[in-house]
Amino acid sequence: MYRGDKDVPNSSTPSQESAHSTTDQSEDMRDQSPATQALKRMQANPRVKYIVVVVPQGACPACQNLTGTYPKDQVPPLPVDECSHPLGCRAYYLPYLDEIYP
């Protein structure tokens with residue numbers, strides 16, 4: 001072993017590690033969700049000027065608070081982590097087109 005090769009104890013506690021892994025897992029799941037994939041396609045489309053977050057009637061309050069039209073770079077992520085609906089997050093994205101015909 002070289003002088004600088006000492007075992008360094010892990011400074012994070014088990015609860016911090018599980019919180020980080022849970023956060024990482026939910027971010028990974030969100031990145032692969034259909035909503036995130038649709039959002040990426042809309043953001044890449046030059047004809048899409050804004051993105052609308054649509055929330056069906058009967059959705060939870062956390063989702064209802066997101067209802068609105070957003071600039072492409074300020075869209076809130078879906079699914080909503082705080083969603084309390086028994087069927088899960090029901091919000092979805094719709095494009096707001098700048099032009100209809102080419």
# chains A, B, ... in the order shown; residues from 1 in each chain; ligands from 1
>>> residues_around(residues="region 58-74 of chain A", least_positions_apart="5", cutoff="6 Å", atoms="only C-alpha atoms", output="JSON, numbers by chain")
{"A": [43, 50, 51, 52, 53, 83, 84, 85]}
>>> write_last_selection(atoms="N, CA and C atoms", output="mmCIF file, in the first residue's frame")
data_model
loop_
_atom_site.group_PDB
_atom_site.id
_atom_site.type_symbol
_atom_site.label_atom_id
_atom_site.label_comp_id
_atom_site.auth_asym_id
_atom_site.auth_seq_id
_atom_site.Cartn_x
_atom_site.Cartn_y
_atom_site.Cartn_z
ATOM 1 N N GLN A 43 -39.742 19.414 -27.118
ATOM 2 C CA GLN A 43 -38.717 20.441 -26.938
ATOM 3 C C GLN A 43 -37.787 20.511 -28.145
ATOM 4 N N TYR A 50 -44.726 26.482 -27.155
ATOM 5 C CA TYR A 50 -44.915 26.274 -25.723
ATOM 6 C C TYR A 50 -45.357 24.839 -25.492
ATOM 7 N N ILE A 51 -45.337 24.434 -24.230
ATOM 8 C CA ILE A 51 -45.828 23.114 -23.866
ATOM 9 C C ILE A 51 -46.893 23.297 -22.792
ATOM 10 N N VAL A 52 -48.029 22.655 -23.019
ATOM 11 C CA VAL A 52 -49.170 22.768 -22.114
ATOM 12 C C VAL A 52 -49.211 21.527 -21.227
ATOM 13 N N VAL A 53 -49.335 21.741 -19.919
ATOM 14 C CA VAL A 53 -49.549 20.628 -18.995
ATOM 15 C C VAL A 53 -51.055 20.535 -18.779
ATOM 16 N N CYS A 83 -47.741 13.287 -6.336
ATOM 17 C CA CYS A 83 -49.079 12.886 -6.761
ATOM 18 C C CYS A 83 -49.677 11.898 -5.763
ATOM 19 N N SER A 84 -50.950 12.143 -5.410
ATOM 20 C CA SER A 84 -51.626 11.280 -4.436
ATOM 21 C C SER A 84 -52.826 10.554 -5.044
ATOM 22 N N HIS A 85 -52.981 10.607 -6.353
ATOM 23 C CA HIS A 85 -54.105 9.933 -7.002
ATOM 24 C C HIS A 85 -53.896 8.420 -6.940
#
>>> atom_distance(atom1="CA of Gly88 (chain A)", atom2="CA of Arg41 (chain A)")
22.9 Å
>>> residues_around(residues="Asp98 (chain A)", least_positions_apart="6", cutoff="6 Å", atoms="only C-alpha atoms", output="mmCIF file with C-alpha atoms, in the first residue's frame")
data_model
loop_
_atom_site.group_PDB
_atom_site.id
_atom_site.type_symbol
_atom_site.label_atom_id
_atom_site.label_comp_id
_atom_site.auth_asym_id
_atom_site.auth_seq_id
_atom_site.Cartn_x
_atom_site.Cartn_y
_atom_site.Cartn_z
ATOM 1 C CA ARG A 47 -42.687 24.235 -34.476
ATOM 2 C CA VAL A 48 -43.624 23.768 -30.810
ATOM 3 C CA LYS A 49 -43.622 27.198 -29.195
#
>>> atom_distance(atom1="CA of Leu97 (chain A)", atom2="CA of Pro46 (chain A)")
9.0 Å
>>> select_by_dssp(residues="region 26-95 of chain A", states="alpha helix (DSSP H)", output="PyMOL selection string")
chain A and resi 26-31+34-44+61-64
>>> closest_residue(among="A:Gln57, A:Tyr93, A:Met42, A:Gln32", to="Pro76 (chain A)", atoms="only C-alpha atoms")
A:Tyr93
